[in-house]
>>> print(open('my_file.txt').read())   # compact mmCIF, C-alpha atoms and all ligand atoms
# COMPACT_ATOMS: atom_id res chain seq x y z
CA ASN A 1 82.09 140.12 98.89
CA PHE A 2 81.71 139.79 102.60
CA ILE A 3 81.25 142.89 104.76
CA ARG A 4 82.51 140.91 107.73
CA LYS A 5 85.47 138.57 107.43
CA PRO A 6 84.20 134.98 107.30
CA PHE A 7 85.17 132.90 110.31
CA ILE A 8 85.36 129.12 110.00
CA ALA A 9 85.97 127.34 113.28
CA GLY A 10 86.51 123.72 114.26
CA ASN A 11 85.37 122.61 117.70
CA TRP A 12 87.27 119.41 118.47
CA LYS A 13 85.24 118.83 121.66
CA MET A 14 86.76 116.08 123.87
CA ASN A 15 88.57 114.44 120.94
CA MET A 16 92.28 114.43 120.04
CA ASP A 17 94.90 114.08 122.77
CA HIS A 18 97.89 116.41 122.53
CA VAL A 19 99.76 114.12 120.12
CA GLN A 20 96.77 113.52 117.84
CA GLY A 21 95.92 117.21 118.00
CA ILE A 22 99.29 118.22 116.56
CA THR A 23 98.99 115.71 113.74
CA LEU A 24 95.50 116.96 112.89
CA LEU A 25 96.58 120.59 112.87
CA GLN A 26 99.64 119.81 110.74
CA LYS A 27 97.49 117.98 108.20
CA LEU A 28 95.01 120.83 108.13
CA ALA A 29 97.78 123.39 107.60
CA TRP A 30 99.29 121.29 104.77
CA THR A 31 95.93 120.81 103.07
CA LEU A 32 95.16 124.51 103.23
CA SER A 33 98.61 125.38 101.99
CA ASP A 34 98.34 122.91 99.06
CA ALA A 35 95.01 124.47 98.21
CA LYS A 36 96.62 127.93 98.50
CA HIS A 37 93.98 129.00 100.98
CA ASP A 38 93.75 132.75 101.22
CA TYR A 39 93.52 133.58 104.91
CA ASN A 40 92.19 136.99 103.96
CA ARG A 41 89.15 135.29 102.47
CA ALA A 42 88.31 133.40 105.65
CA GLU A 43 89.79 133.30 109.12
CA VAL A 44 90.43 129.72 110.26
CA ALA A 45 90.17 128.80 113.94
CA VAL A 46 90.39 125.61 115.97
CA PHE A 47 89.15 124.93 119.48
CA PRO A 48 91.17 121.98 120.83
CA PRO A 49 90.97 120.49 124.33
CA PHE A 50 92.91 122.49 126.97
CA THR A 51 95.65 119.87 127.15
CA ASP A 52 96.44 120.38 123.43
CA LEU A 53 96.83 124.14 123.58
CA ARG A 54 100.53 124.29 124.46
CA GLY A 55 101.38 122.01 121.53
CA VAL A 56 99.09 123.95 119.21
CA GLN A 57 100.83 127.17 120.25
CA THR A 58 104.27 125.68 119.54
CA LEU A 59 103.20 124.49 116.08
CA VAL A 60 101.36 127.68 115.14
CA GLN A 61 104.23 129.91 116.25
CA GLY A 62 107.03 127.63 115.03
CA ASP A 63 105.56 127.18 111.56
CA GLU A 64 104.07 130.69 111.48
CA LEU A 65 100.63 129.29 110.69
CA GLU A 66 97.85 131.81 110.22
CA ILE A 67 95.42 129.52 111.98
CA VAL A 68 94.08 131.00 115.21
CA TYR A 69 92.92 128.97 118.19
CA GLY A 70 91.07 129.14 121.45
CA GLY A 71 89.75 127.28 124.47
CA GLN A 72 86.39 125.50 124.57
CA ASP A 73 85.46 127.15 127.86
CA LEU A 74 86.91 129.44 130.55
CA SER A 75 86.20 130.26 134.17
CA GLN A 76 84.22 133.38 135.05
CA PHE A 77 86.89 133.99 137.72
CA ASP A 78 90.46 135.17 137.20
CA SER A 79 92.27 132.90 139.67
CA GLY A 80 91.82 131.20 143.02
CA ALA A 81 90.17 128.19 144.62
CA TYR A 82 88.26 126.89 141.57
CA THR A 83 89.54 123.35 141.17
CA GLY A 84 89.41 122.06 137.63
CA ASP A 85 88.66 125.43 136.05
CA ILE A 86 90.82 127.33 133.57
CA SER A 87 91.35 131.09 133.71
CA GLY A 88 91.10 133.29 130.64
CA GLN A 89 94.48 134.62 131.71
CA PHE A 90 96.03 131.19 131.10
CA LEU A 91 94.41 130.96 127.68
CA SER A 92 95.71 134.38 126.65
CA LYS A 93 99.17 133.47 127.79
CA LEU A 94 99.05 130.41 125.51
CA GLY A 95 98.30 132.64 122.55
CA CYS A 96 94.56 131.97 122.35
CA ALA A 97 92.65 134.66 120.50
CA TYR A 98 89.17 133.23 121.08
CA VAL A 99 87.20 131.18 123.57
CA LEU A 100 83.88 129.36 123.22
CA VAL A 101 81.30 130.39 125.80
CA GLY A 102 78.04 128.56 126.45
CA HIS A 103 78.32 125.70 123.98
CA SER A 104 75.11 123.68 124.34
CA GLU A 105 77.12 120.81 125.82
CA ARG A 106 78.30 123.17 128.58
CA ARG A 107 74.78 124.48 129.10
CA THR A 108 73.27 121.01 129.41
CA ILE A 109 75.97 118.74 130.87
CA HIS A 110 77.44 121.40 133.19
CA ASN A 111 74.22 123.32 133.81
CA GLU A 112 75.81 126.63 132.90
CA SER A 113 73.23 129.36 133.36
CA ASP A 114 72.82 132.52 131.30
CA GLU A 115 74.15 134.52 134.31
CA VAL A 116 77.31 132.45 134.56
CA LEU A 117 77.79 132.66 130.80
CA ASN A 118 77.47 136.44 130.90
CA ALA A 119 80.21 136.48 133.56
CA LYS A 120 82.33 134.23 131.31
CA VAL A 121 81.85 136.56 128.33
CA LYS A 122 83.07 139.45 130.50
CA ALA A 123 85.99 137.37 131.82
CA ALA A 124 87.03 136.63 128.22
CA PHE A 125 87.13 140.34 127.37
CA ARG A 126 89.02 141.09 130.60
CA HIS A 127 91.78 138.78 129.42
CA GLY A 128 91.95 139.96 125.84
CA LEU A 129 90.06 137.00 124.36
CA THR A 130 87.20 137.28 121.88
CA PRO A 131 84.27 135.21 123.14
CA VAL A 132 82.27 133.07 120.74
CA LEU A 133 78.92 133.02 122.51
CA CYS A 134 76.87 129.98 121.54
CA VAL A 135 73.08 130.19 121.57
CA GLY A 136 70.31 128.04 120.17
CA GLU A 137 67.18 126.07 120.92
CA GLY A 138 66.49 122.40 121.58
CA LEU A 139 64.05 120.28 119.63
CA GLU A 140 61.04 120.89 121.88
CA VAL A 141 61.39 124.64 121.61
CA ARG A 142 61.79 124.40 117.83
CA GLN A 143 58.65 122.27 117.61
CA ALA A 144 56.75 124.75 119.78
CA GLY A 145 57.78 127.49 117.32
CA THR A 146 59.36 129.71 119.99
CA HIS A 147 62.96 129.22 118.82
CA VAL A 148 63.59 132.87 117.93
CA GLU A 149 62.33 134.16 121.27
CA HIS A 150 64.28 131.48 123.17
CA THR A 151 67.54 132.16 121.34
CA LEU A 152 67.24 135.95 121.63
CA ALA A 153 66.68 135.60 125.39
CA GLN A 154 69.98 133.67 125.62
CA LEU A 155 71.65 136.38 123.52
CA ARG A 156 70.32 139.25 125.66
CA ALA A 157 71.47 137.56 128.86
CA GLY A 158 74.88 136.76 127.36
CA VAL A 159 75.66 140.30 126.22
CA GLU A 160 74.23 142.12 129.21
CA GLY A 161 76.52 144.94 130.37
CA LEU A 162 78.90 144.81 127.39
CA THR A 163 80.19 148.01 125.83
CA ALA A 164 79.42 148.75 122.18
CA GLU A 165 83.06 147.98 121.26
CA GLN A 166 82.85 144.60 122.96
CA ALA A 167 79.55 143.75 121.28
CA ALA A 168 81.06 144.59 117.89
CA GLU A 169 84.04 142.32 118.54
CA LEU A 170 81.94 139.46 119.93
CA VAL A 171 81.21 136.43 117.76
CA VAL A 172 77.80 134.77 118.19
CA ALA A 173 77.24 131.17 117.08
CA TYR A 174 73.70 130.04 116.43
CA GLU A 175 73.62 126.31 117.04
CA PRO A 176 70.22 124.67 117.12
CA VAL A 177 70.82 121.86 119.60
CA TRP A 178 68.72 119.40 117.56
CA ALA A 179 71.19 119.83 114.69
CA ILE A 180 74.40 119.25 116.67
CA GLY A 181 76.05 115.91 116.00
CA THR A 182 72.75 114.48 114.74
CA GLY A 183 73.23 114.78 111.00
CA GLU A 184 70.14 117.04 110.99
CA VAL A 185 71.13 120.32 109.41
CA ALA A 186 69.02 123.40 109.79
CA GLY A 187 68.31 124.67 106.29
CA PRO A 188 70.22 127.74 105.08
CA GLU A 189 66.95 129.67 105.47
CA ASP A 190 66.68 128.62 109.14
CA ALA A 191 70.25 129.79 109.74
CA GLN A 192 69.47 133.07 107.98
CA GLU A 193 66.19 133.58 109.87
CA MET A 194 67.96 133.31 113.22
CA CYS A 195 71.09 135.23 112.27
CA ALA A 196 68.95 138.10 110.95
CA ALA A 197 66.95 138.08 114.20
CA ILE A 198 70.17 138.11 116.25
CA ARG A 199 71.53 141.02 114.23
CA ALA A 200 68.29 142.96 114.63
CA GLU A 201 68.37 142.33 118.37
CA LEU A 202 71.98 143.58 118.58
CA ALA A 203 70.93 146.72 116.71
CA GLU A 204 68.16 147.20 119.28
CA LEU A 205 70.46 146.60 122.26
CA PHE A 206 73.44 148.56 120.91
CA ASP A 207 73.11 150.20 117.50
CA GLU A 208 73.15 149.44 113.77
CA THR A 209 76.90 150.03 113.47
CA VAL A 210 77.64 147.51 116.19
CA ALA A 211 75.18 144.99 114.74
CA GLY A 212 76.79 145.43 111.34
CA LYS A 213 80.16 144.39 112.75
CA THR A 214 79.30 141.43 114.96
CA ARG A 215 80.10 138.14 113.24
CA LEU A 216 77.37 135.53 113.37
CA LEU A 217 78.09 131.84 112.81
CA TYR A 218 75.91 128.84 112.15
CA GLY A 219 76.73 125.47 113.69
CA GLY A 220 75.06 122.08 113.51
CA SER A 221 76.13 119.18 111.28
CA VAL A 222 78.01 121.40 108.84
CA LYS A 223 79.82 119.41 106.15
CA ALA A 224 81.70 120.33 102.98
CA ASN A 225 78.56 119.65 100.95
CA ASN A 226 76.31 122.10 102.81
CA ALA A 227 78.82 124.81 103.80
CA ALA A 228 78.54 126.91 100.64
CA ALA A 229 74.75 127.15 100.72
CA ILE A 230 74.75 128.23 104.37
CA MET A 231 77.56 130.74 103.79
CA ALA A 232 75.60 132.25 100.89
CA GLU A 233 73.06 133.65 103.38
CA SER A 234 73.59 137.34 103.97
CA ASP A 235 73.62 137.33 107.78
CA VAL A 236 75.73 134.19 108.18
CA ASP A 237 79.38 135.17 108.55
CA GLY A 238 80.89 131.84 109.41
CA LEU A 239 80.54 128.27 110.58
CA LEU A 240 81.20 126.43 113.83
CA VAL A 241 81.98 122.84 112.94
CA GLY A 242 82.14 119.89 115.33
CA GLY A 243 82.44 116.37 113.91
CA ALA A 244 83.61 117.38 110.44
CA SER A 245 86.49 119.43 111.88
CA LEU A 246 88.22 116.18 112.93
CA ASP A 247 88.78 115.27 109.27
CA PRO A 248 91.39 117.68 107.87
CA ALA A 249 90.40 117.20 104.22
CA GLU A 250 86.70 117.71 104.96
CA PHE A 251 87.38 120.70 107.19
CA ALA A 252 89.67 122.27 104.57
CA ASN A 253 86.83 121.97 102.06
CA ILE A 254 84.47 123.63 104.54
CA VAL A 255 87.02 126.43 104.98
CA ARG A 256 86.87 127.02 101.21
CA PHE A 257 83.04 126.77 101.22
CA GLU A 258 82.79 126.33 97.49
CA SER A 259 79.73 124.73 96.05
C1 LIG A 301 79.40 121.87 117.59
O1 LIG A 301 79.78 121.10 118.45
O2 LIG A 301 79.56 123.07 117.76
C2 LIG A 301 78.77 121.33 116.37
C3 LIG A 301 78.16 122.13 115.57
O3 LIG A 301 78.87 119.97 116.16
P1 LIG A 301 78.54 119.15 114.80
O4 LIG A 301 79.15 119.92 113.67
O5 LIG A 301 79.19 117.82 115.00
O6 LIG A 301 77.06 119.07 114.69
>>> encode(input="my_file.txt", output="structure tokens")
Amino acid sequence: NFIRKPFIAGNWKMNMDHVQGITLLQKLAWTLSDAKHDYNRAEVAVFPPFTDLRGVQTLVQGDELEIVYGGQDLSQFDSGAYTGDISGQFLSKLGCAYVLVGHSERRTIHNESDEVLNAKVKAAFRHGLTPVLCVGEGLEVRQAGTHVEHTLAQLRAGVEGLTAEQAAELVVAYEPVWAIGTGEVAGPEDAQEMCAAIRAELAELFDETVAGKTRLLYGGSVKANNAAAIMAESDVDGLLVGGASLDPAEFANIVRFES
């Protein structure tokens, strides 16, 4: 009974070389097929390292998998003298449908600013990719109690200048940094509090119709045993999963999010 189609995504981070990546995806596809996963019930996405994408494309197209995939980052530029960067154009050409933008590890390790991330969101749309904009507060901000304000400021900066159509297509992932890879899970009510605030902010910035369409994900130590409770919250439309997405059986159980 979801208004918005649930979106369950695995972020492999810098794990799985191109050989391991294929094996993982094959196992995931087999597990989901054994379990007769209904792809209409939840869209399944993976975000492998760039070097895996060509292999992922071959497997997805060759075996006609319904699993969609995307890059973990993209350049704000289209082409040119940007050594080491990857254009959204290249990702589209490899069959990517999505791209992560502003994961907390990009914000902290690569110092990506809200301005740069806004340019990356726009670059994604320019190349026919749906951006998954990641927002969320660190531990200090959470302890200070200003997490909603902090996260909404990241959201506002990220969506600046988008059209209503783009905002409706956008996916936003709320990932409290203190819950990423730490085993600390924000409670379902924390996920709901922030997702409701994000939706209200989108209604303010665009309108209610747009806000009603934008899919909002929670991410941070999601496992098979907490997925169902988080997904039961009305403003949570999906999950962004790091560590647990590297285990195909665990991830397949998250995709089913049954309690
Ligand atoms: C992530 O990297 O987006 C994430 C949520 O990681 P983990 O599930 O490992 O906390």
>>> residues_around(input="my_file.txt", residues="Ser33 of chain A", least_positions_apart="6", cutoff="10 Å", atoms="all atoms listed in the file", output="list in words")
Lys27, Leu65 and Ala252 of chain A
>>> write_last_selection(input="my_file.txt", atoms="C-alpha atoms", output="PDB file, keeping the file's coordinate frame")
ATOM      1  CA  LYS A  27      97.490 117.980 108.200  1.00  0.00           C
ATOM      2  CA  LEU A  65     100.630 129.290 110.690  1.00  0.00           C
ATOM      3  CA  ALA A 252      89.670 122.270 104.570  1.00  0.00           C
TER       4      ALA A 252
END
>>> atom_distance(input="my_file.txt", atom1="atom CA of Asp237 of chain A", atom2="atom CA of Ile8 of chain A")
8.6 Å
>>> residues_near_ligand(input="my_file.txt", ligand="ligand LIG 301 (chain A)", cutoff="7 Å", atoms="only C-alpha atoms and all ligand atoms", output="PyMOL selection string")
chain A and resi 11+13+103+175+179-183+219-222+240-244
>>> closest_residue(input="my_file.txt", among="A:Gly187, A:Ala227, A:Leu129, A:Arg107", to="Asn253 of chain A", atoms="all atoms listed in the file")
A:Ala227
>>> closest_residue(input="my_file.txt", among="A:Thr23, A:Asn225, A:Thr130, A:Asn118", to="Val68 of chain A", atoms="only C-alpha atoms")
A:Thr130
>>> residues_around(input="my_file.txt", residues="Asp52 of chain A", least_positions_apart="4", cutoff="12 Å", atoms="all atoms listed in the file", output="PDB file with C-alpha atoms, in the frame of the given file")
ATOM      1  CA  TRP A  12      87.270 119.410 118.470  1.00  0.00           C
ATOM      2  CA  LYS A  13      85.240 118.830 121.660  1.00  0.00           C
ATOM      3  CA  MET A  14      86.760 116.080 123.870  1.00  0.00           C
ATOM      4  CA  ASN A  15      88.570 114.440 120.940  1.00  0.00           C
ATOM      5  CA  MET A  16      92.280 114.430 120.040  1.00  0.00           C
ATOM      6  CA  ASP A  17      94.900 114.080 122.770  1.00  0.00           C
ATOM      7  CA  HIS A  18      97.890 116.410 122.530  1.00  0.00           C
ATOM      8  CA  VAL A  19      99.760 114.120 120.120  1.00  0.00           C
ATOM      9  CA  GLN A  20      96.770 113.520 117.840  1.00  0.00           C
ATOM     10  CA  GLY A  21      95.920 117.210 118.000  1.00  0.00           C
ATOM     11  CA  ILE A  22      99.290 118.220 116.560  1.00  0.00           C
ATOM     12  CA  THR A  23      98.990 115.710 113.740  1.00  0.00           C
ATOM     13  CA  LEU A  24      95.500 116.960 112.890  1.00  0.00           C
ATOM     14  CA  LEU A  25      96.580 120.590 112.870  1.00  0.00           C
ATOM     15  CA  VAL A  46      90.390 125.610 115.970  1.00  0.00           C
ATOM     16  CA  PHE A  47      89.150 124.930 119.480  1.00  0.00           C
ATOM     17  CA  PRO A  48      91.170 121.980 120.830  1.00  0.00           C
ATOM     18  CA  VAL A  56      99.090 123.950 119.210  1.00  0.00           C
ATOM     19  CA  GLN A  57     100.830 127.170 120.250  1.00  0.00           C
ATOM     20  CA  THR A  58     104.270 125.680 119.540  1.00  0.00           C
ATOM     21  CA  LEU A  59     103.200 124.490 116.080  1.00  0.00           C
ATOM     22  CA  TYR A  69      92.920 128.970 118.190  1.00  0.00           C
ATOM     23  CA  GLY A  70      91.070 129.140 121.450  1.00  0.00           C
ATOM     24  CA  GLY A  71      89.750 127.280 124.470  1.00  0.00           C
ATOM     25  CA  GLN A  72      86.390 125.500 124.570  1.00  0.00           C
ATOM     26  CA  LEU A  91      94.410 130.960 127.680  1.00  0.00           C
ATOM     27  CA  LEU A  94      99.050 130.410 125.510  1.00  0.00           C
ATOM     28  CA  CYS A  96      94.560 131.970 122.350  1.00  0.00           C
TER      29      CYS A  96
END
>>> closest_residue(input="my_file.txt", among="A:Met231, A:Leu152, A:Ala97, A:Thr83", to="Glu204 of chain A", atoms="all atoms listed in the file")
A:Leu152
>>> residues_around(input="my_file.txt", residues="Ser79 of chain A", least_positions_apart="5", cutoff="12 Å", atoms="all atoms listed in the file", output="JSON, numbers by chain")
{"A": [74, 84, 85, 86, 87, 88, 89, 90, 123, 127]}
>>> atom_distance(input="my_file.txt", atom1="atom CA of Glu184 of chain A", atom2="atom CA of Val99 of chain A")
25.5 Å
>>> closest_residue(input="my_file.txt", among="A:Glu233, A:Glu201, A:Glu208, A:Glu160", to="Pro188 of chain A", atoms="all atoms listed in the file")
A:Glu233
>>> residues_around(input="my_file.txt", residues="Ser113 of chain A", least_positions_apart="5", cutoff="12 Å", atoms="only C-alpha atoms", output="MDAnalysis selection string")
chainID A and resid 76 101:104 106:108 118:120 135 154 157:158
